[in-house]
Each structure stands twice: as C-alpha cells, then as structure tokens.
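I have placed the structure first, in the form of structure tokens, so that the comments after it can refer back to it.
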Amino acid sequence: MKFSLSWLKQYLPVHMGDAELADALTMAGLEIDAVSDRYADLETVICGCITQINPHPDADRLRVCRVDIGKSELSIVCGATNIEPDMMVPCALPGTVFPDGRLLENGRIRGQKSEGMLCSEAELGLGPDSAGIMVLDASISPGTRLAAALVLSDTVFDVDLTPNRPDCLCILGIAREIAVLQNSTVNYPEVNIDSEDDAISEVTSVTIEDPDLCPRYAAQILFDISVGPSPFWLQDRLLSVGLRPINNIVDITNFVMMETGQPLHAFDFDLLAEHRIVVRAAQKDETFITLDQKEHRLPHRTLMICDGEKPVAIAGVMGGLNSEINPKTTKVLIESACFNPASIRKTAKSLGLGTDASHRFERGVDPEGTVNALCRAADLMQKTAGGRRIDGLIDAHPMPAPEKTIALGINETNCLLGTNLDQATMKKLLESIAFSAQKLDKNTLQVIPPSFRVDVSRPEDLMEEIARLSGYNNIPTTFPLIPANTTPFAKELESRDVIKQMMVGFGFSEAINYSFVNASSCDQLRLTPDDPRREMVPILNPLSEDQAVMRTSMLPGLLNTIQYNTAREIKTARIFEIGKVFLNMGKDDPPEEVEMLAGIWTGKKTAASWNTKDINCDFYDIKGVVEALFRGLKIDGVTFTALAPESCVYSKPGFSAAISVGDTRLGLIGEVHPLVINNFNIKQTAFIFELNLSDLMAFLPEDKKSTPLPRFPSISRDITIIVDGDIEANTILAAIKNINENLVENILLFDIYEGDPIPNGKKSLSLRIIYRSRDETLEDDFVNEIHATLTNRLVGQFNATLPV
C-alpha cells in the first residue's frame, strides 16, 4: 500500500517529519518498507534559458535551440511553437525517466544533434498542458534544478501491511492511525448520502441469488455523462500512488478505492441487458472474457455479476469486456458491494487474477462503508464528467453484519502483555481508534469494534491493539527464569550425533532419503517370499508410485543415490544414512519403528592424487570403517562371522559377514550382490554395512575408563601356521584371547596366503603377538617360552602345521 504525503494532508495536518512518521507508523504495526521523493526523477531536469533559435535545415516544423544551463550551452531540437529567445524553460538531460516510463537518451533528430529535451507540463507530470513548452519565471537562474526552483516535494510511503489490517489499505485508514499518533482529528470528505427512492427502482433493480457470498450490493446511476480524460488533480493523485489514469469515470472508482478502501466498479448502463443486475454463482463450464481481453473458464461457485442475460463481471476481481466504460458511454451504473472474503480469495487464486480490488475484498472490506463510498464516487463523477444522478440508490442488504461485542479482561491483558495498565488507560486507548468501550466491572471492559475493523473478533485482538497503541517499546523487557540444574541430552540423541561426526571423519557424506519407497524395492533386493520385510506398510494417499510404501530397509535409498551419482560420472562415493525402517505388525497395530545405520562405499580407496595408487575399495576397507566405528564408541567384543551362502540375500556369498556383539547380532557387512547391482542399474561393485542402532545403544558404555600409559617396553613375536581354508582368522584370534595369557597385549593378523607351495584347501595365516608386562621389562628367553606354548596350543587346537 502506497500513500503520498500531499494526498494524506488533505484529511489531516501532519506534524512529524518523514523519518519520524515512518518510525511512528512502524512501531504502531504498519511497517514502512520504503520512503521516497515522488519528484526524484526531476533531479536530471534543470532550468535553462533559450539564447538562440534557428530553423532546422531539414524540417520545416522543427527548430534548433541553444539553451544556457549555467555551466554550458546545449543544442536541442524542439517542435513547440511557443518558444522564444530569453525564455526560461525546463530542460531534461539525457538519462531522465519521465512519468510515463520513457527514458531520454542522446540522439540526432533529422540529422541535427539534440542534447536534451524541452518539456511541457504534461510530459513532466506537473500539469495538464501538453500544447507547448512549460514557461518558467524569468528570475530563475539557469542551471537550477527544476524541483528546487518550483519547490517540488512529495514524499511517498510504501507500507507493508499484514493481512489482518485491510482497514489501512486506504488513505483514510492511514490517516486514522496518524491521528492517534499525534492526537489530532481526521477531516473526512463531505458526502451527500442518498436515501432509497422509487425513481431509481423504476430504472434498474438488483437481485442477489447468493446472499452468503454477497451480503450487500449497492448501486447508483448517472445519466448524460461525458467520458474523457480526468482533470489534472485526479490524475496527479492516482500517479502519486502508482496507478495509471484511464478516464474520468474509471479514475474516480480508483480514487475512491484508494481513499476509502472500498473497491468500486462502473458499468456502461446501456450495455446491461434488461438494465438490471443479478448476483449469482457461475454455472457449470461457464466462460467469461475479462477487461484484459482474456477468456476464463470459471470454477464452480465463482460469484458473478450479471445483467438480465449474461455475466458482466467476476465479482470482486475484474469487470468484463462486454460492459466496460468507453468514449461513447453516456449512462453509468456504479457498483459498491461487500463480498465473502474466502470466495474472492479462491476465485482470484484459481483464475490467477490478482487485482487491487481482489486484494482488498479477500481481506475484508467495511460492510457499513458500502453506501458512503458509492455516494462519494457519484458526487465526484458528477463534478468531473457532468450528467445527472437518478434520485435515490439501491441497497440490497439481505445479510447485515452482526455487531460484535467483546469482553476484555484487564488482568488477563496485563498478564499476557507484561504491562501494568489500568482500566481507564485501556479504555482511552481503544476509544482513540473508534472502538466503543464501556466498563462492565472493575476488571472487564465491554468493547464494540468499528465496522471497518473486520479483523477484530476476540479479546486477544484487543490486547494486540492495546500493545501497539501503548507502544511496543514501552513494554518492559523480561527474561524467562532458567533453572540452575539442566537436563542432560538423551543418550540416544547424543550418541547419534557422535556416530554422524565419526562417519564424516571416516570420509563419508550423510544422505537423507525419503521414508517412502517403491513397493518393488523388495524385489530389487532379492528378499525371499517369507522375509518379514516384504510386509510393507502402504501409504493411503501416495504422491507417486515411487513413494507408495514405508521402507523396511535403508539400502534401496542408498543404492538409488549411488546410481544417481555414478550415472553422472561420480564414480567414487562414500555415503551413510541414519533413519528408521518401519516393520508391519499387522492391521490393528502401528508399525514397529527401528532406527538403523547403513553405509555404502563404491569406487576408489582414495581420491585421485599423484602420490596414491588408483586402487578400488574392497570388503576390508568398509570392514575397517565399521571396526573403527565400534572402537570410537568404546564397544568391545565385536565379531565378524562369515554368512552362509543361503543367508546372503542382497550381499555376495563369500564376501559377506554378520556383525555381532556377544550373542546379539547387530547387522551385516559385505559386497552388494551382482544381481542387486544390476537391479539398481549400477555399473560397478559396491560394499555395504547395516547396523541396528536401536539394539546397538544398549552396548554403549555408561562410564568412560582410562588406563595409565605403559612404563615398560613391549616385545613382539610372529606366528605363521597353515590351517584348513574354511577356518576363519577371527576364530584363531579368539582362541589366543581365550588362553588368558596376561602378558598378551594385542594380536594382529598381518598376512593371509593361499597357493603354491601351500596345499590345496589350506591357507597360511601370519599373526603378530605383542607381549608387555606392567611390572618389569620382559626378557627374550621368557617371552620365547610363552610364545612357543601359544604356538603349540594353536597347532593342536586347529590341526595346523608350521611352515618348513
């Protein structure tokens, strides 16, 4: 909403400066977005004196003028007939933007250089005269800015109104707010309110078929009018707020809308069939051509303004091409109505027609201001277009707006606002903005809001009014009481953040996929028919087929992410996701939500670099990530056990392992099965792991423990044994730990070998055992004896042999 200070001052004097007024309105709840000088574009228009006039060599009607602009002289081609030597005129320099949007540039006119433009009143937006160049007072010095010479200044304020303040979508609404701020009175324009009369009833009629969508419709008629350009004062008012003048009839409807907030519409009365108005809802598949010459298919229940045969306007939005005011119009029917805001909002949105009228109607207009705005427009039309008014007016009012009475509690208001205002102060504040407030008891006011405040219906609305009128900056600042003892974060939340940080530290990126997946994802993962994860929870109203069911595994989302990236030449990717899977527990029970951690690695071990080899990642790389994760979480006793081929569903047999802590299985790790890779259209191998975070949380240690750094050196010894190929290295490591030799500090597997000269079905395992005592430095002979004992026990337990 824009308003100009010159227009506003018609209704009340303004005692504040521009900056002070903008700040006061903002603090009153009407935020000022911008403050600008309406005549800022005249900065490049200066006063010049014509020193010489010569005929144009190639055009009889043009002349070449020399114009003194103070510091220099310009050569300007001009076609005006009223120019004379020594005349002081406004001269626009290149770069000037005129009110109609034209940009002045340097150029040549019929071969002669023209370095500016001599302007008329109309071209500068300073008057109606366009017949000749504007003549200035001869006492003005050449080179003076035109705005300074004529003392031109008009501040324009741009107000960013919240949707609940439609009463301020007009100049008078803003004036009411300013009057409260500076304790002054608004001078409302005088309006001759016509009463209902039989004379107009003999000429026209109004029928409202849908009173729930149109509770009030008023009309007046003018005969013998003359349609033409508006007087300058009217054009100037509209231009000051950014509206384009059209003609004296349409301009008056826009002027009154900006003045009062009530949108109006003018119909050519002779173009109305049967000379009457019918307000009804649109019929099925009905179409209508609006003023912008576009045809619209009308949605169901679109409110239409019709004559005796056809629609002539979309109510509250835009008029029709078939009844618009034109130069031949001599009779006008003026419409002023109140429409259902929700209906207008729905219509404007569905048709994509956002107009100044719909902007106001969809927020709510003053139901009691309908007739006042109608008569104001009729008065002004008579003054600008002549003609005569048909006696009386039509005011169809089938659903009068009920009077709203609100009980406001004084204590409740102070409690909510944090203020200490008494009843008398609240009463005075509300009455200052035209609210009626009566004392019911010492703690209650009975308040009746004015009809133009359609947004006020609850005590909380009144409390908001009191807060802004008393001054937001006058409300004391208080701070909430914060207890000294705080509640620690939930263990699960803290652990989840730690896991995310660790995974990022391992070089993985977090992915967030939808919990909704395609029902075919189970087939893509090769889940067996009896797998409980096939019993997915369906979505009642899925957005698409790809999001039809709740996921029972994290892997489809991650595999789709890998496919998306590899298809775009991102061949190396490490991603993880923490989220929930949803296991169907039956129709009558909600699904079981299990939190999972899943990760996937595909492509190279390391990023391409001059000092690293281009090697693909493998099973042991992602296994190392999982091991490091458990170490970082301080979880001991983690084992990786090879999965039997029949247990490998979406992982590759021989390259898959179950992850367990003690007797609890937490997940799996392995290479993605080649068939699954094909199902997801991935062109390279990938390695995955899955962990049940809901179960894993139980193994997180409650306390952190530390041990002192060792004082004595360690000694390491290696063992190489040949065992059956199906014996897992982890089994041998566990066997050494079970011996419970106190001096064994750590065991490392550093080599596995199969092939010649190792017999078929056998493999060679090389282990390094680190010994350390906390009490003394170990001697070689003593360690050798213990090491030989361990070696012999392994040979006997696993039927192993030692290499020759």
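If you're wondering about the labels, chains in the structure tokens are A, B, ... by order shown, residues count from 1 in each chain, ligands from 1 in order shown.
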- Can you list every residue in stretch 171-259 of chain A that DSSP puts in helix (DSSP H, G or I), as a ChimeraX atom specification? /A:171-181,198-201,232-240,248-259
Close residues, A:Val35 itself excluded, 9 Å, only C-alpha atoms, min 3 positions apart in chain, as a JSON list (two decimals) with N, CA, C and O atoms, in the first residue's frame:
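Below you can see around23.json, which holds the result:
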```json
[["chain", "number", "residue", "atom", "x", "y", "z"],
["A", 18, "ASP", "N", 9.37, 13.24, 7.91],
["A", 18, "ASP", "CA", 9.21, 11.98, 7.16],
["A", 18, "ASP", "C", 9.78, 10.79, 7.94],
["A", 18, "ASP", "O", 9.13, 9.74, 8.06],
["A", 19, "ALA", "N", 11.00, 10.93, 8.45],
["A", 19, "ALA", "CA", 11.64, 9.83, 9.17],
["A", 19, "ALA", "C", 10.89, 9.52, 10.46],
["A", 19, "ALA", "O", 10.68, 8.35, 10.82],
["A", 22, "ALA", "N", 7.62, 7.72, 9.59],
["A", 22, "ALA", "CA", 7.87, 6.33, 9.19],
["A", 22, "ALA", "C", 8.15, 5.47, 10.41],
["A", 22, "ALA", "O", 7.64, 4.34, 10.53],
["A", 32, "ILE", "N", 6.86, 0.43, 7.51],
["A", 32, "ILE", "CA", 7.19, 1.21, 6.33],
["A", 32, "ILE", "C", 8.37, 0.56, 5.62],
["A", 32, "ILE", "O", 9.47, 0.47, 6.16],
["A", 155, "THR", "N", 6.53, 13.30, -0.50],
["A", 155, "THR", "CA", 7.08, 12.04, -0.01],
["A", 155, "THR", "C", 6.05, 10.92, -0.20],
["A", 155, "THR", "O", 4.87, 11.10, 0.09],
["A", 156, "VAL", "N", 6.53, 9.79, -0.70],
["A", 156, "VAL", "CA", 5.68, 8.62, -0.89],
["A", 156, "VAL", "C", 6.15, 7.53, 0.07],
["A", 156, "VAL", "O", 7.34, 7.20, 0.11],
["A", 157, "PHE", "N", 5.21, 7.00, 0.85],
["A", 157, "PHE", "CA", 5.50, 5.94, 1.82],
["A", 157, "PHE", "C", 4.94, 4.63, 1.28],
["A", 157, "PHE", "O", 3.80, 4.57, 0.80],
["A", 158, "ASP", "N", 5.75, 3.58, 1.37],
["A", 158, "ASP", "CA", 5.32, 2.24, 0.97],
["A", 158, "ASP", "C", 5.14, 1.41, 2.24],
["A", 158, "ASP", "O", 6.10, 1.12, 2.94]]
```
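Proximity ranking of A:Ala567, A:Val783, A:Ile722, A:Ile344 relative to A:Glu754 places A:Ile722 first, based on only C-alpha atoms.
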Among A:Ile200, A:Leu333, A:Ala266, A:Ile677, A:Arg526 is approached most closely, using only C-alpha atoms, by A:Ile677
Near A:Leu743, within 12 Å and counting only C-alpha atoms, which residues show up once chain neighbours fewer than 3 positions away are dropped, as an mmCIF file with N, CA, C and O atoms, in the first residue's frame?
```
data_model
loop_
_atom_site.group_PDB
_atom_site.id
_atom_site.type_symbol
_atom_site.label_atom_id
_atom_site.label_comp_id
_atom_site.auth_asym_id
_atom_site.auth_seq_id
_atom_site.Cartn_x
_atom_site.Cartn_y
_atom_site.Cartn_z
ATOM 1 N N PHE A 712 56.839 -49.926 30.666
ATOM 2 C CA PHE A 712 57.870 -50.847 30.198
ATOM 3 C C PHE A 712 57.646 -51.170 28.722
ATOM 4 O O PHE A 712 56.507 -51.164 28.236
ATOM 5 N N PRO A 713 58.717 -51.471 27.985
ATOM 6 C CA PRO A 713 58.599 -51.721 26.543
ATOM 7 C C PRO A 713 57.901 -53.046 26.243
ATOM 8 O O PRO A 713 57.840 -53.941 27.078
ATOM 9 N N SER A 714 57.395 -53.136 25.008
ATOM 10 C CA SER A 714 56.751 -54.365 24.557
ATOM 11 C C SER A 714 57.723 -55.181 23.711
ATOM 12 O O SER A 714 58.731 -54.671 23.229
ATOM 13 N N ILE A 715 57.389 -56.454 23.537
ATOM 14 C CA ILE A 715 58.140 -57.352 22.661
ATOM 15 C C ILE A 715 57.143 -58.063 21.764
ATOM 16 O O ILE A 715 56.092 -58.523 22.231
ATOM 17 N N SER A 716 57.417 -58.162 20.497
ATOM 18 C CA SER A 716 56.500 -58.826 19.566
ATOM 19 C C SER A 716 57.147 -60.081 19.007
ATOM 20 O O SER A 716 58.367 -60.150 18.804
ATOM 21 N N ILE A 736 43.360 -67.424 20.846
ATOM 22 C CA ILE A 736 44.518 -66.898 21.567
ATOM 23 C C ILE A 736 44.061 -66.065 22.772
ATOM 24 O O ILE A 736 44.620 -66.151 23.858
ATOM 25 N N LYS A 737 43.001 -65.270 22.569
ATOM 26 C CA LYS A 737 42.499 -64.453 23.678
ATOM 27 C C LYS A 737 41.951 -65.323 24.810
ATOM 28 O O LYS A 737 42.077 -64.991 25.979
ATOM 29 N N ILE A 739 43.060 -68.062 25.843
ATOM 30 C CA ILE A 739 44.123 -68.682 26.643
ATOM 31 C C ILE A 739 44.355 -67.881 27.918
ATOM 32 O O ILE A 739 44.837 -68.411 28.933
ATOM 33 N N ASN A 740 43.957 -66.574 27.874
ATOM 34 C CA ASN A 740 44.057 -65.704 29.053
ATOM 35 C C ASN A 740 45.500 -65.546 29.543
ATOM 36 O O ASN A 740 45.779 -65.616 30.731
ATOM 37 N N ASN A 746 48.222 -57.467 22.584
ATOM 38 C CA ASN A 746 47.473 -57.278 21.341
ATOM 39 C C ASN A 746 47.847 -58.369 20.352
ATOM 40 O O ASN A 746 48.935 -58.950 20.440
ATOM 41 N N ILE A 747 46.914 -58.669 19.433
ATOM 42 C CA ILE A 747 47.140 -59.695 18.400
ATOM 43 C C ILE A 747 46.758 -59.080 17.066
ATOM 44 O O ILE A 747 45.662 -58.511 16.922
ATOM 45 N N ILE A 769 51.995 -61.256 17.729
ATOM 46 C CA ILE A 769 51.531 -61.163 19.108
ATOM 47 C C ILE A 769 52.448 -60.209 19.852
ATOM 48 O O ILE A 769 53.675 -60.340 19.792
ATOM 49 N N ILE A 770 51.837 -59.217 20.527
ATOM 50 C CA ILE A 770 52.605 -58.215 21.266
ATOM 51 C C ILE A 770 52.480 -58.524 22.756
ATOM 52 O O ILE A 770 51.385 -58.666 23.299
ATOM 53 N N TYR A 771 53.650 -58.686 23.411
ATOM 54 C CA TYR A 771 53.717 -59.008 24.835
ATOM 55 C C TYR A 771 54.220 -57.782 25.606
ATOM 56 O O TYR A 771 55.090 -57.042 25.145
ATOM 57 N N ARG A 772 53.655 -57.582 26.791
ATOM 58 C CA ARG A 772 54.122 -56.485 27.634
ATOM 59 C C ARG A 772 53.750 -56.790 29.092
ATOM 60 O O ARG A 772 52.680 -57.314 29.386
ATOM 61 N N SER A 773 54.648 -56.447 29.979
ATOM 62 C CA SER A 773 54.395 -56.593 31.415
ATOM 63 C C SER A 773 54.249 -55.207 32.019
ATOM 64 O O SER A 773 54.950 -54.273 31.628
ATOM 65 N N ARG A 774 53.347 -55.074 32.987
ATOM 66 C CA ARG A 774 53.172 -53.799 33.672
ATOM 67 C C ARG A 774 54.179 -53.608 34.820
ATOM 68 O O ARG A 774 54.248 -52.510 35.365
ATOM 69 N N ASP A 775 54.875 -54.686 35.112
ATOM 70 C CA ASP A 775 55.737 -54.642 36.306
ATOM 71 C C ASP A 775 57.230 -54.637 35.995
ATOM 72 O O ASP A 775 58.039 -54.213 36.823
ATOM 73 N N GLU A 776 57.590 -55.131 34.793
ATOM 74 C CA GLU A 776 59.023 -55.265 34.522
ATOM 75 C C GLU A 776 59.275 -55.326 33.023
ATOM 76 O O GLU A 776 58.337 -55.480 32.219
ATOM 77 N N THR A 777 60.538 -55.231 32.665
ATOM 78 C CA THR A 777 60.944 -55.410 31.277
ATOM 79 C C THR A 777 61.123 -56.883 30.998
ATOM 80 O O THR A 777 61.843 -57.590 31.718
ATOM 81 N N LEU A 778 60.436 -57.376 29.954
ATOM 82 C CA LEU A 778 60.468 -58.807 29.630
ATOM 83 C C LEU A 778 61.781 -59.170 28.959
ATOM 84 O O LEU A 778 62.310 -58.417 28.137
ATOM 85 N N PHE A 782 62.240 -65.584 28.298
ATOM 86 C CA PHE A 782 60.953 -65.750 28.952
ATOM 87 C C PHE A 782 59.801 -65.617 27.947
ATOM 88 O O PHE A 782 58.859 -66.415 27.943
ATOM 89 N N VAL A 783 59.905 -64.624 27.064
ATOM 90 C CA VAL A 783 58.850 -64.416 26.048
ATOM 91 C C VAL A 783 58.853 -65.571 25.062
ATOM 92 O O VAL A 783 57.775 -66.036 24.629
ATOM 93 N N ILE A 786 56.892 -68.498 26.455
ATOM 94 C CA ILE A 786 55.425 -68.299 26.389
ATOM 95 C C ILE A 786 54.935 -68.401 24.954
ATOM 96 O O ILE A 786 53.904 -69.019 24.677
ATOM 97 N N HIS A 787 55.688 -67.823 24.035
ATOM 98 C CA HIS A 787 55.280 -67.816 22.628
ATOM 99 C C HIS A 787 55.236 -69.232 22.069
ATOM 100 O O HIS A 787 54.321 -69.588 21.307
ATOM 101 N N LEU A 790 52.031 -70.927 23.250
ATOM 102 C CA LEU A 790 50.845 -70.495 22.480
ATOM 103 C C LEU A 790 50.825 -71.156 21.107
ATOM 104 O O LEU A 790 49.781 -71.600 20.623
#
```
In Å and to one decimal, atom CA of A:Arg276 is distant from atom CA of A:Gly386 by 23.0 Å
Please list as an MDAnalysis selection string every residue within 12 Å of stretch 535-537 of chain A, counting only C-alpha atoms and excluding residues in the same chain fewer than 4 positions away. chainID A and resid 515:522 527:531 542 547:553 581:593
With distances taken over only C-alpha atoms, the candidate from A:Gln797, A:Lys491, A:Glu741, A:Phe232 nearest A:Glu702 is A:Lys491
>> To test your reading of the structure, identify every residue in stretch 461-618 of chain A that backbone DSSP assigns to strand (DSSP E), and report it as a ChimeraX atom specification.
In response: /A:509-510,516-517,549-550,573-583,592-602
I need the chosen residues saved as a PDB file, in the first residue's frame, with C-alpha atoms.
```pdb
ATOM      1  CA  SER A 509      28.808 -37.984   3.464  1.00  0.00           C
ATOM      2  CA  GLU A 510      25.409 -38.124   5.128  1.00  0.00           C
ATOM      3  CA  PHE A 516       8.603 -43.769   1.346  1.00  0.00           C
ATOM      4  CA  VAL A 517       9.834 -46.222  -1.302  1.00  0.00           C
ATOM      5  CA  VAL A 549       5.028 -47.831   0.917  1.00  0.00           C
ATOM      6  CA  MET A 550       7.093 -47.273   4.063  1.00  0.00           C
ATOM      7  CA  ALA A 573      31.160 -42.277  -3.336  1.00  0.00           C
ATOM      8  CA  ARG A 574      31.004 -42.958   0.387  1.00  0.00           C
ATOM      9  CA  ILE A 575      27.645 -42.198   1.966  1.00  0.00           C
ATOM     10  CA  PHE A 576      25.770 -43.169   5.097  1.00  0.00           C
ATOM     11  CA  GLU A 577      22.297 -42.605   6.480  1.00  0.00           C
ATOM     12  CA  ILE A 578      20.714 -42.809   9.905  1.00  0.00           C
ATOM     13  CA  GLY A 579      16.965 -43.281   9.872  1.00  0.00           C
ATOM     14  CA  LYS A 580      14.070 -45.502  10.746  1.00  0.00           C
ATOM     15  CA  VAL A 581      12.635 -48.525   8.992  1.00  0.00           C
ATOM     16  CA  PHE A 582       9.011 -49.486   9.525  1.00  0.00           C
ATOM     17  CA  LEU A 583       8.122 -53.137  10.134  1.00  0.00           C
ATOM     18  CA  GLU A 592       7.495 -51.073  14.673  1.00  0.00           C
ATOM     19  CA  GLU A 593       9.996 -48.274  14.077  1.00  0.00           C
ATOM     20  CA  VAL A 594      13.618 -49.442  14.191  1.00  0.00           C
ATOM     21  CA  GLU A 595      16.467 -46.953  13.889  1.00  0.00           C
ATOM     22  CA  MET A 596      19.198 -48.115  11.544  1.00  0.00           C
ATOM     23  CA  LEU A 597      22.620 -47.001  10.379  1.00  0.00           C
ATOM     24  CA  ALA A 598      23.590 -48.001   6.868  1.00  0.00           C
ATOM     25  CA  GLY A 599      26.589 -47.109   4.729  1.00  0.00           C
ATOM     26  CA  ILE A 600      27.845 -47.790   1.228  1.00  0.00           C
ATOM     27  CA  TRP A 601      31.240 -47.407  -0.454  1.00  0.00           C
ATOM     28  CA  THR A 602      31.921 -47.688  -4.146  1.00  0.00           C
TER      29      THR A 602
END
```
Proximity to A:Leu150 - best of A:Ile221, A:Leu62, A:Val67, A:Leu136, only C-alpha atoms: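 Nearest to A:Leu150: A:Leu136.
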Min atom-atom distance to A:Gly173 from the set A:Asp224, A:Ala434, A:Ala378, A:Pro400, counting only C-alpha atoms, belongs to A:Ala434
Env of A:Gly471: 12 Å cut, atoms = only C-alpha atoms, seq-sep filter 2 positions within chain, self excluded. Answer as an MDAnalysis selection string.
chainID A and resid 23:29 181 417 419 421 429 464:469 473:476
| said: At a cut-off of 9 Å, using only C-alpha atoms, what residues contact A:Asn679? Leave out same-chain residues fewer than 4 positions from it and give the result as number ranges by chain. | reply: A: 523-525, 674-675
Written selection (all heavy atoms) as a CSV table (one decimal), in the first residue's frame:
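Ended up saving to result.csv:
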```csv
chain,number,residue,atom,x,y,z
A,523,ASP,N,11.8,-56.6,-4.3
A,523,ASP,CA,12.2,-57.5,-5.4
A,523,ASP,C,13.6,-57.1,-5.9
A,523,ASP,O,14.4,-58.0,-6.2
A,523,ASP,CB,11.2,-57.4,-6.6
A,523,ASP,CG,9.8,-57.9,-6.2
A,523,ASP,OD1,9.8,-58.8,-5.4
A,523,ASP,OD2,8.9,-57.4,-6.8
A,524,GLN,N,13.9,-55.8,-5.9
A,524,GLN,CA,15.2,-55.4,-6.3
A,524,GLN,C,16.3,-55.9,-5.3
A,524,GLN,O,17.4,-56.1,-5.7
A,524,GLN,CB,15.2,-53.8,-6.3
A,524,GLN,CG,14.4,-53.2,-7.5
A,524,GLN,CD,14.5,-51.7,-7.5
A,524,GLN,OE1,13.9,-51.1,-6.6
A,524,GLN,NE2,15.1,-51.1,-8.5
A,525,LEU,N,15.9,-56.0,-4.0
A,525,LEU,CA,16.9,-56.5,-3.0
A,525,LEU,C,16.9,-58.0,-3.0
A,525,LEU,O,17.7,-58.6,-2.2
A,525,LEU,CB,16.5,-56.0,-1.6
A,525,LEU,CG,16.8,-54.5,-1.4
A,525,LEU,CD1,16.3,-54.1,0.0
A,525,LEU,CD2,18.2,-54.1,-1.6
A,674,PRO,N,25.8,-59.1,-7.1
A,674,PRO,CA,25.8,-58.6,-8.5
A,674,PRO,C,24.4,-58.5,-9.1
A,674,PRO,O,24.1,-57.5,-9.9
A,674,PRO,CB,26.6,-59.7,-9.3
A,674,PRO,CG,27.5,-60.3,-8.2
A,674,PRO,CD,26.7,-60.3,-6.9
A,675,LEU,N,23.4,-59.4,-8.7
A,675,LEU,CA,22.1,-59.2,-9.3
A,675,LEU,C,21.4,-58.0,-8.7
A,675,LEU,O,20.6,-57.3,-9.4
A,675,LEU,CB,21.2,-60.5,-8.9
A,675,LEU,CG,21.7,-61.8,-9.6
A,675,LEU,CD1,20.8,-62.9,-9.1
A,675,LEU,CD2,21.6,-61.7,-11.1
```
For the contact check between stretch 143-253 of chain A and stretch 439-458 of chain A, emit one row per residue of stretch 143-253 of chain A within 8 Å, containing the shortest atom pair and the distance in Å rounded to one decimal, counting only C-alpha atoms, chain then rising number order, as CSV.
```
residue,atom,partner,partner_atom,distance
A:Asn164,CA,A:Asp455,CA,5.6
A:Arg165,CA,A:Asp455,CA,6.8
A:Pro166,CA,A:Arg453,CA,7.9
A:Asp167,CA,A:Phe452,CA,5.9
```
Notebook entry, point to check: Any idea what's packed within 9 Å of A:Gly48, counting only C-alpha atoms, ignoring anything in its chain fewer than 4 positions away? Could you give it as a ChimeraX atom specification?
Noted result: /A:67-70,73,87-91,118,140-144
Using Å and a single decimal, report how far atom CA of A:Gln220 sits from atom CA of A:Cys375.
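Between atom CA of A:Cys375 and atom CA of A:Gln220 the gap works out to 7.8 Å.
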